[in-house]
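Below: work.cif (mmCIF, C-alpha atoms and all ligand atoms)
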data_data
#
loop_
_atom_site.label_atom_id
_atom_site.label_comp_id
_atom_site.auth_asym_id
_atom_site.auth_seq_id
_atom_site.Cartn_x
_atom_site.Cartn_y
_atom_site.Cartn_z
CA MET A 1 156.70 62.00 -63.43
CA LEU A 2 154.49 59.17 -62.24
CA ARG A 3 156.25 55.85 -62.86
CA ALA A 4 154.61 53.40 -60.45
CA LEU A 5 151.41 52.67 -58.57
CA ILE A 6 151.82 50.91 -55.24
CA PHE A 7 148.63 49.25 -54.05
CA ASP A 8 147.57 48.41 -50.54
CA VAL A 9 145.51 45.21 -50.59
CA ASP A 10 142.90 44.83 -47.85
CA GLY A 11 140.16 47.43 -48.09
CA THR A 12 141.75 49.07 -51.15
CA LEU A 13 141.65 46.37 -53.83
CA ALA A 14 138.56 44.70 -52.34
CA GLU A 15 136.39 44.85 -49.21
CA THR A 16 138.35 41.91 -47.86
CA GLU A 17 138.26 43.03 -44.24
CA ARG A 18 134.51 42.80 -43.63
CA ASP A 19 133.61 40.00 -46.02
CA GLY A 20 136.84 38.00 -46.06
CA HIS A 21 139.23 38.27 -43.12
CA ARG A 22 136.52 38.89 -40.48
CA VAL A 23 134.47 35.94 -41.69
CA ALA A 24 137.58 33.73 -41.82
CA PHE A 25 138.59 34.72 -38.26
CA ASN A 26 135.14 33.67 -37.02
CA GLU A 27 135.31 30.40 -38.96
CA ALA A 28 138.71 29.70 -37.35
CA PHE A 29 137.37 30.41 -33.85
CA ALA A 30 134.51 27.94 -34.45
CA ALA A 31 136.87 25.35 -35.96
CA VAL A 32 139.04 25.22 -32.83
CA GLY A 33 136.07 25.45 -30.43
CA LEU A 34 136.75 28.96 -29.11
CA ASP A 35 133.65 30.93 -28.16
CA TRP A 36 135.07 34.13 -29.69
CA HIS A 37 133.04 36.06 -32.26
CA TRP A 38 134.02 39.27 -34.06
CA ASP A 39 130.94 41.14 -35.25
CA ASP A 40 131.17 44.01 -37.68
CA ARG A 41 131.28 46.68 -34.99
CA LEU A 42 133.95 44.98 -32.91
CA TYR A 43 136.03 44.27 -36.01
CA ALA A 44 135.98 47.98 -36.92
CA GLU A 45 137.60 48.62 -33.54
CA LEU A 46 140.06 45.73 -33.82
CA LEU A 47 141.27 46.96 -37.23
CA LYS A 48 143.20 49.68 -35.40
CA VAL A 49 145.71 46.88 -34.78
CA THR A 50 147.33 46.04 -38.11
CA GLY A 51 148.25 42.43 -38.84
CA GLY A 52 145.98 39.46 -38.21
CA ARG A 53 148.27 37.76 -35.71
CA GLU A 54 148.82 41.04 -33.83
CA ARG A 55 145.03 41.60 -33.88
CA LEU A 56 144.45 38.18 -32.30
CA VAL A 57 147.03 38.87 -29.57
CA HIS A 58 145.43 42.23 -28.87
CA TYR A 59 141.95 40.70 -28.67
CA TRP A 60 143.15 37.93 -26.35
CA GLN A 61 144.85 40.46 -24.06
CA ALA A 62 142.08 43.08 -24.09
CA TYR A 63 138.88 41.05 -24.34
CA ALA A 64 139.39 37.31 -23.68
CA PRO A 65 142.20 36.65 -21.22
CA GLY A 66 140.65 33.30 -20.25
CA GLY A 67 141.00 31.74 -23.72
CA PHE A 68 144.38 30.10 -22.98
CA SER A 69 146.02 28.88 -19.76
CA ASP A 70 149.29 30.82 -20.02
CA ASP A 71 151.21 33.19 -22.32
CA ALA A 72 153.21 30.46 -24.04
CA GLU A 73 150.09 28.45 -24.83
CA ALA A 74 148.38 31.62 -26.05
CA MET A 75 151.20 32.47 -28.48
CA ARG A 76 151.22 28.90 -29.87
CA GLY A 77 147.42 28.85 -30.06
CA ILE A 78 147.26 32.24 -31.74
CA ALA A 79 149.86 31.30 -34.36
CA GLN A 80 147.83 28.17 -35.15
CA LEU A 81 144.57 30.12 -35.15
CA HIS A 82 146.02 32.64 -37.59
CA GLN A 83 147.12 29.87 -39.92
CA ILE A 84 143.65 28.27 -39.83
CA LYS A 85 142.09 31.67 -40.43
CA ASN A 86 144.24 32.20 -43.52
CA GLU A 87 143.27 28.75 -44.87
CA HIS A 88 139.62 29.78 -44.55
CA TYR A 89 140.41 33.17 -46.09
CA GLY A 90 142.09 31.47 -49.06
CA ARG A 91 138.99 29.38 -49.66
CA ILE A 92 136.68 32.41 -49.48
CA VAL A 93 138.81 34.28 -52.01
CA ALA A 94 139.21 31.29 -54.33
CA SER A 95 135.40 30.92 -54.40
CA GLY A 96 135.25 34.26 -56.19
CA ALA A 97 133.48 36.03 -53.32
CA MET A 98 136.08 38.82 -53.02
CA ALA A 99 135.62 40.90 -56.16
CA PHE A 100 137.83 43.94 -56.71
CA ARG A 101 136.25 47.27 -55.86
CA PRO A 102 134.81 49.18 -58.84
CA GLY A 103 137.47 50.73 -61.04
CA ILE A 104 140.41 48.77 -59.62
CA LEU A 105 140.83 46.31 -62.48
CA ALA A 106 140.43 49.07 -65.06
CA LEU A 107 143.11 51.17 -63.36
CA ILE A 108 145.52 48.23 -63.10
CA GLU A 109 144.99 47.37 -66.78
CA GLU A 110 145.38 50.99 -67.84
CA ALA A 111 148.55 51.52 -65.79
CA HIS A 112 150.08 48.28 -67.05
CA ALA A 113 149.28 49.16 -70.66
CA ALA A 114 150.83 52.61 -70.15
CA GLY A 115 154.08 51.04 -68.93
CA LEU A 116 153.85 52.04 -65.28
CA ALA A 117 155.35 49.68 -62.75
CA LEU A 118 152.82 48.01 -60.45
CA ALA A 119 153.58 47.04 -56.87
CA VAL A 120 151.88 45.84 -53.70
CA ALA A 121 152.70 47.05 -50.18
CA THR A 122 150.57 45.21 -47.67
CA THR A 123 150.30 44.01 -44.10
CA THR A 124 148.86 40.66 -45.09
CA THR A 125 150.74 37.59 -46.35
CA PRO A 126 152.07 36.89 -49.86
CA ALA A 127 149.70 33.87 -50.06
CA ASN A 128 146.67 36.09 -49.37
CA VAL A 129 147.83 38.61 -51.97
CA ALA A 130 148.31 35.85 -54.55
CA ALA A 131 144.86 34.41 -53.82
CA LEU A 132 143.14 37.77 -54.36
CA LEU A 133 145.08 38.73 -57.49
CA ASN A 134 144.73 35.26 -59.01
CA ALA A 135 140.98 35.35 -58.47
CA ASN A 136 140.53 38.85 -59.92
CA ILE A 137 143.22 39.16 -62.59
CA GLY A 138 144.37 35.62 -63.35
CA ALA A 139 147.75 33.94 -63.02
CA HIS A 140 149.38 36.59 -65.25
CA TRP A 141 149.14 39.12 -62.40
CA ARG A 142 152.68 38.02 -61.53
CA ASP A 143 153.92 39.40 -64.86
CA TRP A 144 152.18 42.68 -64.19
CA PHE A 145 153.25 43.30 -60.58
CA SER A 146 157.02 43.51 -60.40
CA VAL A 147 157.13 44.03 -56.63
CA VAL A 148 155.10 42.57 -53.76
CA VAL A 149 156.14 43.49 -50.23
CA ALA A 150 154.27 41.84 -47.34
CA GLY A 151 154.18 42.75 -43.67
CA ASP A 152 156.26 39.85 -42.37
CA GLU A 153 159.10 40.63 -44.79
CA VAL A 154 159.99 43.90 -43.04
CA PRO A 155 160.74 44.74 -39.40
CA HIS A 156 157.62 46.81 -38.76
CA LYS A 157 154.09 46.63 -40.19
CA LYS A 158 152.00 49.68 -41.12
CA PRO A 159 151.68 52.44 -39.86
CA ALA A 160 155.48 52.17 -40.04
CA PRO A 161 156.81 53.04 -43.52
CA ASP A 162 158.81 49.79 -43.89
CA VAL A 163 156.73 48.06 -46.60
CA TYR A 164 156.75 51.22 -48.71
CA LEU A 165 160.47 51.86 -48.25
CA GLU A 166 161.18 48.27 -49.27
CA ALA A 167 158.86 48.61 -52.29
CA LEU A 168 160.75 51.75 -53.38
CA ARG A 169 164.06 49.93 -52.97
CA GLN A 170 162.87 47.01 -55.10
CA LEU A 171 161.30 49.29 -57.72
CA GLY A 172 164.46 51.39 -57.86
CA LEU A 173 162.35 54.56 -57.85
CA ARG A 174 162.12 57.71 -55.77
CA ALA A 175 159.09 58.32 -53.58
CA ASP A 176 157.93 61.24 -55.73
CA GLU A 177 157.86 59.00 -58.83
CA CYS A 178 155.25 56.76 -57.21
CA MET A 179 151.72 56.93 -55.89
CA ALA A 180 150.31 54.79 -53.08
CA LEU A 181 146.65 53.75 -52.95
CA GLU A 182 145.34 53.13 -49.46
CA ASP A 183 142.05 52.86 -47.57
CA SER A 184 143.05 53.42 -43.95
CA THR A 185 144.72 55.86 -41.57
CA ALA A 186 147.49 53.35 -40.82
CA GLY A 187 148.13 52.82 -44.52
CA LEU A 188 148.13 56.56 -45.22
CA ALA A 189 150.61 57.09 -42.37
CA ALA A 190 152.88 54.36 -43.76
CA ALA A 191 152.87 55.81 -47.28
CA SER A 192 153.20 59.42 -46.13
CA SER A 193 156.12 58.76 -43.81
CA SER A 194 157.95 57.08 -46.69
CA GLY A 195 157.36 60.26 -48.74
CA ILE A 196 155.04 58.66 -51.29
CA PRO A 197 151.96 60.70 -52.31
CA CYS A 198 148.89 58.76 -51.20
CA LEU A 199 145.44 58.53 -52.74
CA VAL A 200 142.94 57.31 -50.17
CA THR A 201 139.84 55.43 -51.29
CA ARG A 202 137.83 54.95 -48.11
CA CYS A 203 136.58 51.43 -47.40
CA VAL A 204 133.49 50.41 -45.41
CA TYR A 205 135.40 50.70 -42.12
CA THR A 206 137.13 54.04 -42.74
CA GLN A 207 134.23 56.24 -43.88
CA THR A 208 134.78 58.92 -41.25
CA ASP A 209 138.43 58.42 -40.23
CA PRO A 210 140.72 61.46 -40.46
CA MET A 211 142.91 61.27 -43.58
CA ASP A 212 145.18 64.28 -43.07
CA GLY A 213 148.02 64.46 -45.57
CA ALA A 214 146.32 62.42 -48.29
CA MET A 215 146.93 63.67 -51.83
CA ALA A 216 143.20 63.12 -52.33
CA CYS A 217 140.65 61.28 -50.23
CA ILE A 218 137.73 59.86 -52.20
CA SER A 219 134.91 57.36 -51.86
CA GLY A 220 136.43 54.92 -54.33
CA LEU A 221 137.92 55.06 -57.82
CA GLY A 222 134.46 55.32 -59.33
CA THR A 223 133.16 54.26 -62.72
CA ARG A 224 131.36 56.14 -65.48
CA GLN A 225 128.06 54.64 -64.30
CA SER A 226 128.79 55.40 -60.66
CA PRO A 227 131.31 58.24 -60.22
CA ALA A 228 133.27 58.64 -57.00
CA HIS A 229 133.46 61.80 -54.90
CA GLY A 230 135.61 63.33 -52.22
CA GLU A 231 138.35 65.83 -51.53
CA SER A 232 141.11 66.48 -54.08
CA PRO A 233 143.96 69.03 -54.14
CA ASN A 234 141.52 71.42 -55.85
CA GLY A 235 138.64 71.00 -53.44
CA HIS A 236 135.56 68.85 -53.77
CA TRP A 237 135.78 66.39 -56.64
CA THR A 238 133.40 64.04 -58.45
CA GLY A 239 134.44 61.71 -61.24
CA VAL A 240 136.43 58.63 -62.17
CA ALA A 241 139.91 58.29 -60.70
CA ASP A 242 141.45 56.75 -63.82
CA LEU A 243 145.12 56.99 -64.76
CA SER A 244 144.75 60.45 -66.38
CA GLN A 245 143.18 61.79 -63.20
CA LEU A 246 145.91 60.23 -61.04
CA ARG A 247 148.58 61.76 -63.30
CA ARG A 248 146.91 65.20 -63.00
CA TRP A 249 146.81 65.04 -59.20
CA HIS A 250 150.38 63.78 -59.10
CA ALA A 251 151.62 66.55 -61.42
CA GLU A 252 149.93 69.19 -59.25
CA LEU A 253 151.92 67.94 -56.26
CA SER A 254 155.27 68.00 -57.99
CA PRO A 255 155.18 70.42 -60.93
CA THR A 256 158.16 69.94 -63.28
C1 LIG B 1 145.36 44.83 -43.58
C2 LIG B 1 145.68 44.09 -42.35
C3 LIG B 1 145.72 42.63 -42.36
C4 LIG B 1 144.38 41.94 -42.57
C5 LIG B 1 144.45 40.50 -42.19
O1 LIG B 1 146.43 44.81 -44.46
O2 LIG B 1 145.94 44.70 -41.34
O3 LIG B 1 146.21 42.23 -41.11
O4 LIG B 1 143.40 42.53 -41.73
O5 LIG B 1 145.47 39.84 -42.86
P1 LIG B 1 146.58 45.89 -45.68
P2 LIG B 1 146.49 38.89 -42.04
O6 LIG B 1 145.47 46.86 -45.63
O7 LIG B 1 147.93 46.53 -45.44
O8 LIG B 1 146.58 45.08 -46.96
O9 LIG B 1 145.67 38.03 -41.15
O10 LIG B 1 147.20 38.11 -43.13
O11 LIG B 1 147.42 39.80 -41.29
MG MG B 2 144.15 48.46 -46.22
#
Could you spell out this file's structure in structure tokens?
Ligand code: XBP
Ligand code: MG
Amino acid sequence: MLRALIFDVDGTLAETERDGHRVAFNEAFAAVGLDWHWDDRLYAELLKVTGGRERLVHYWQAYAPGGFSDDAEAMRGIAQLHQIKNEHYGRIVASGAMAFRPGILALIEEAHAAGLALAVATTTTPANVAALLNANIGAHWRDWFSVVVAGDEVPHKKPAPDVYLEALRQLGLRADECMALEDSTAGLAAASSSGIPCLVTRCVYTQTDPMDGAMACISGLGTRQSPAHGESPNGHWTGVADLSQLRRWHAELSPT
């Protein structure tokens, strides 16, 4: 029986990567006078590294070794840069520019009303999660989501299963009683290796990525006006991935 939905944040709840984090990274580079710029194409590549701080370290090592004089200065500079980036990100989100993807709010409201537990398992920070949920749900999101696990609270970020295993521990549920919602290969790997069935809703950066092992892999949750499409356990699917649909897919995986 499906008892909880565990949501990834970036790319799944909203297109925060392209229009939020990427923009905020560039604003932070400009603010500290670095001549770095992450365009859309480069950012798609950099997203293979999960975690903003880790992404900055990777970029510095792979693309811009001259940015800092030595390793120690680079680590200090990158930590500061990441903090500045998240301040910019918080402002972008608070301005209302990061709307939930279609169908997300309806699914959250439906699942909450039906008594399912709601959780977040993300690579980003608790402050970034709070900013996005405050802007899209309101302050009462904290009463609705009983568990929020962020990347820095566990030893290893996605694609490791740590955030999901910790979410299960805090929920007090088994993996097969939950469903994860993810947008990326790393997120799918994290959910799958924790044993949680995973519904993938592709985001702008993961349109053609392989999603082997997903319970279903669809274009989004869809709405009645604009249905989603993709691959489900029963083959090609078009429709709205509302709670009834999620329950049907979940039941097909683990018939009782
Ligand atoms: C996605 C990430 C994050 C964001 C940036 O997290 O990898 O690193 O790109 O956020 P998820 P930070 O999809 O698991 O929500 O700068 O706070 O890391
Ligand atoms: Mg994601």
Just want the residues within 9 Å of ligand MG 2 (chain B), written as a tab-separated table (two decimals) with C-alpha atoms, in the frame of the given file, counting all atoms listed in the file.
chain	number	residue	atom	x	y	z
A	8	ASP	CA	147.57	48.41	-50.54
A	9	VAL	CA	145.51	45.21	-50.59
A	10	ASP	CA	142.90	44.83	-47.85
A	11	GLY	CA	140.16	47.43	-48.09
A	12	THR	CA	141.75	49.07	-51.15
A	13	LEU	CA	141.65	46.37	-53.83
A	16	THR	CA	138.35	41.91	-47.86
A	17	GLU	CA	138.26	43.03	-44.24
A	122	THR	CA	150.57	45.21	-47.67
A	123	THR	CA	150.30	44.01	-44.10
A	181	LEU	CA	146.65	53.75	-52.95
A	182	GLU	CA	145.34	53.13	-49.46
A	183	ASP	CA	142.05	52.86	-47.57
A	184	SER	CA	143.05	53.42	-43.95
A	185	THR	CA	144.72	55.86	-41.57
A	186	ALA	CA	147.49	53.35	-40.82
A	187	GLY	CA	148.13	52.82	-44.52
A	203	CYS	CA	136.58	51.43	-47.40
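Note that the spacing between CA of Ile196 in chain A and CA of Arg53 in chain A amounts to 26.9 Å.
Going from CA of Leu133 in chain A to atom O8 of ligand LIG 1 (chain B) covers 12.4 Å.
You can rank A:Glu177, A:Asp143, A:Glu166, A:Glu54 by their closest distance to ligand LIG 1 (chain B) using all atoms listed in the file, and at the top of that list sits A:Glu54.
The closest residue to ligand LIG 1 (chain B), picked from A:Ala241, A:Val149, A:Leu2, A:Leu118 and counting all atoms listed in the file, is A:Val149.
Going from CA of Leu188 in chain A to CA of Asp212 in chain A covers 8.5 Å.
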Which polymer residues, protein or nucleic acid, are no farther than 7 Å from (153.6, 40.0, -51.5), counting all atoms listed in the file, as a PyMOL selection string?
chain A and resi 120+125-126+129+148-150
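Distance check against ligand LIG 1 (chain B) using all atoms listed in the file: of A:Ala135, A:Cys198, A:Cys217, A:Ala190, the minimum falls on A:Ala190.
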Pull the neighbourhood of (143.3, 57.3, -64.2) for me: all residues within 10 Å in file coordinates, counting only C-alpha atoms, as a ChimeraX atom specification.
/A:103,106-108,110-111,221,240-249
Which of these residues is nearest to ligand LIG 1 (chain B), using all atoms listed in the file: A:Asp39, A:Glu252, A:Asp19, A:Asp71?
A:Asp19
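The shell of residues at most 7 Å from Gly239 in chain A, with only C-alpha atoms counted and near chain neighbours (fewer than 3 positions) removed, consists of Gly222, Pro227, Ala228 and His229 of chain A.
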Proximity to ligand LIG 1 (chain B) - best of A:Gln80, A:Gln225, A:Thr206, A:Asn86, all atoms listed in the file:
A:Asn86
Fewer than 2 positions away in the same chain doesn't count, so skip those; otherwise give me all residues within 7 Å of Cys178 in chain A, counting only C-alpha atoms, as a VMD selection string.
chain A and resid 2 to 5 175 to 176 180 196
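Nearest to ligand LIG 1 (chain B) of all the residues A:His250, A:His236, A:Lys48, A:His112 is A:Lys48, based on only C-alpha atoms and all ligand atoms.
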Compile the contact shell of Leu42 in chain A as a PyMOL selection string: residues with an atom at most 12 Å away, counting all atoms listed in the file, same-chain residues fewer than 5 positions apart removed.
chain A and resi 18+22+36-37+47-48+55+59+63+205
For Ala94 in chain A: contacts at 12 Å, only C-alpha atoms, fewer than 4 positions along chain excluded, given as an MDAnalysis selection string:
chainID A and resid 20 86:90 98:99 127:136 138
Print the selection's residues with C-alpha atoms to a file, as an mmCIF file, in the frame of the given file.
data_model
loop_
_atom_site.group_PDB
_atom_site.id
_atom_site.type_symbol
_atom_site.label_atom_id
_atom_site.label_comp_id
_atom_site.auth_asym_id
_atom_site.auth_seq_id
_atom_site.Cartn_x
_atom_site.Cartn_y
_atom_site.Cartn_z
ATOM 1 C CA GLY A 20 136.840 38.000 -46.060
ATOM 2 C CA ASN A 86 144.240 32.200 -43.520
ATOM 3 C CA GLU A 87 143.270 28.750 -44.870
ATOM 4 C CA HIS A 88 139.620 29.780 -44.550
ATOM 5 C CA TYR A 89 140.410 33.170 -46.090
ATOM 6 C CA GLY A 90 142.090 31.470 -49.060
ATOM 7 C CA MET A 98 136.080 38.820 -53.020
ATOM 8 C CA ALA A 99 135.620 40.900 -56.160
ATOM 9 C CA ALA A 127 149.700 33.870 -50.060
ATOM 10 C CA ASN A 128 146.670 36.090 -49.370
ATOM 11 C CA VAL A 129 147.830 38.610 -51.970
ATOM 12 C CA ALA A 130 148.310 35.850 -54.550
ATOM 13 C CA ALA A 131 144.860 34.410 -53.820
ATOM 14 C CA LEU A 132 143.140 37.770 -54.360
ATOM 15 C CA LEU A 133 145.080 38.730 -57.490
ATOM 16 C CA ASN A 134 144.730 35.260 -59.010
ATOM 17 C CA ALA A 135 140.980 35.350 -58.470
ATOM 18 C CA ASN A 136 140.530 38.850 -59.920
ATOM 19 C CA GLY A 138 144.370 35.620 -63.350
#
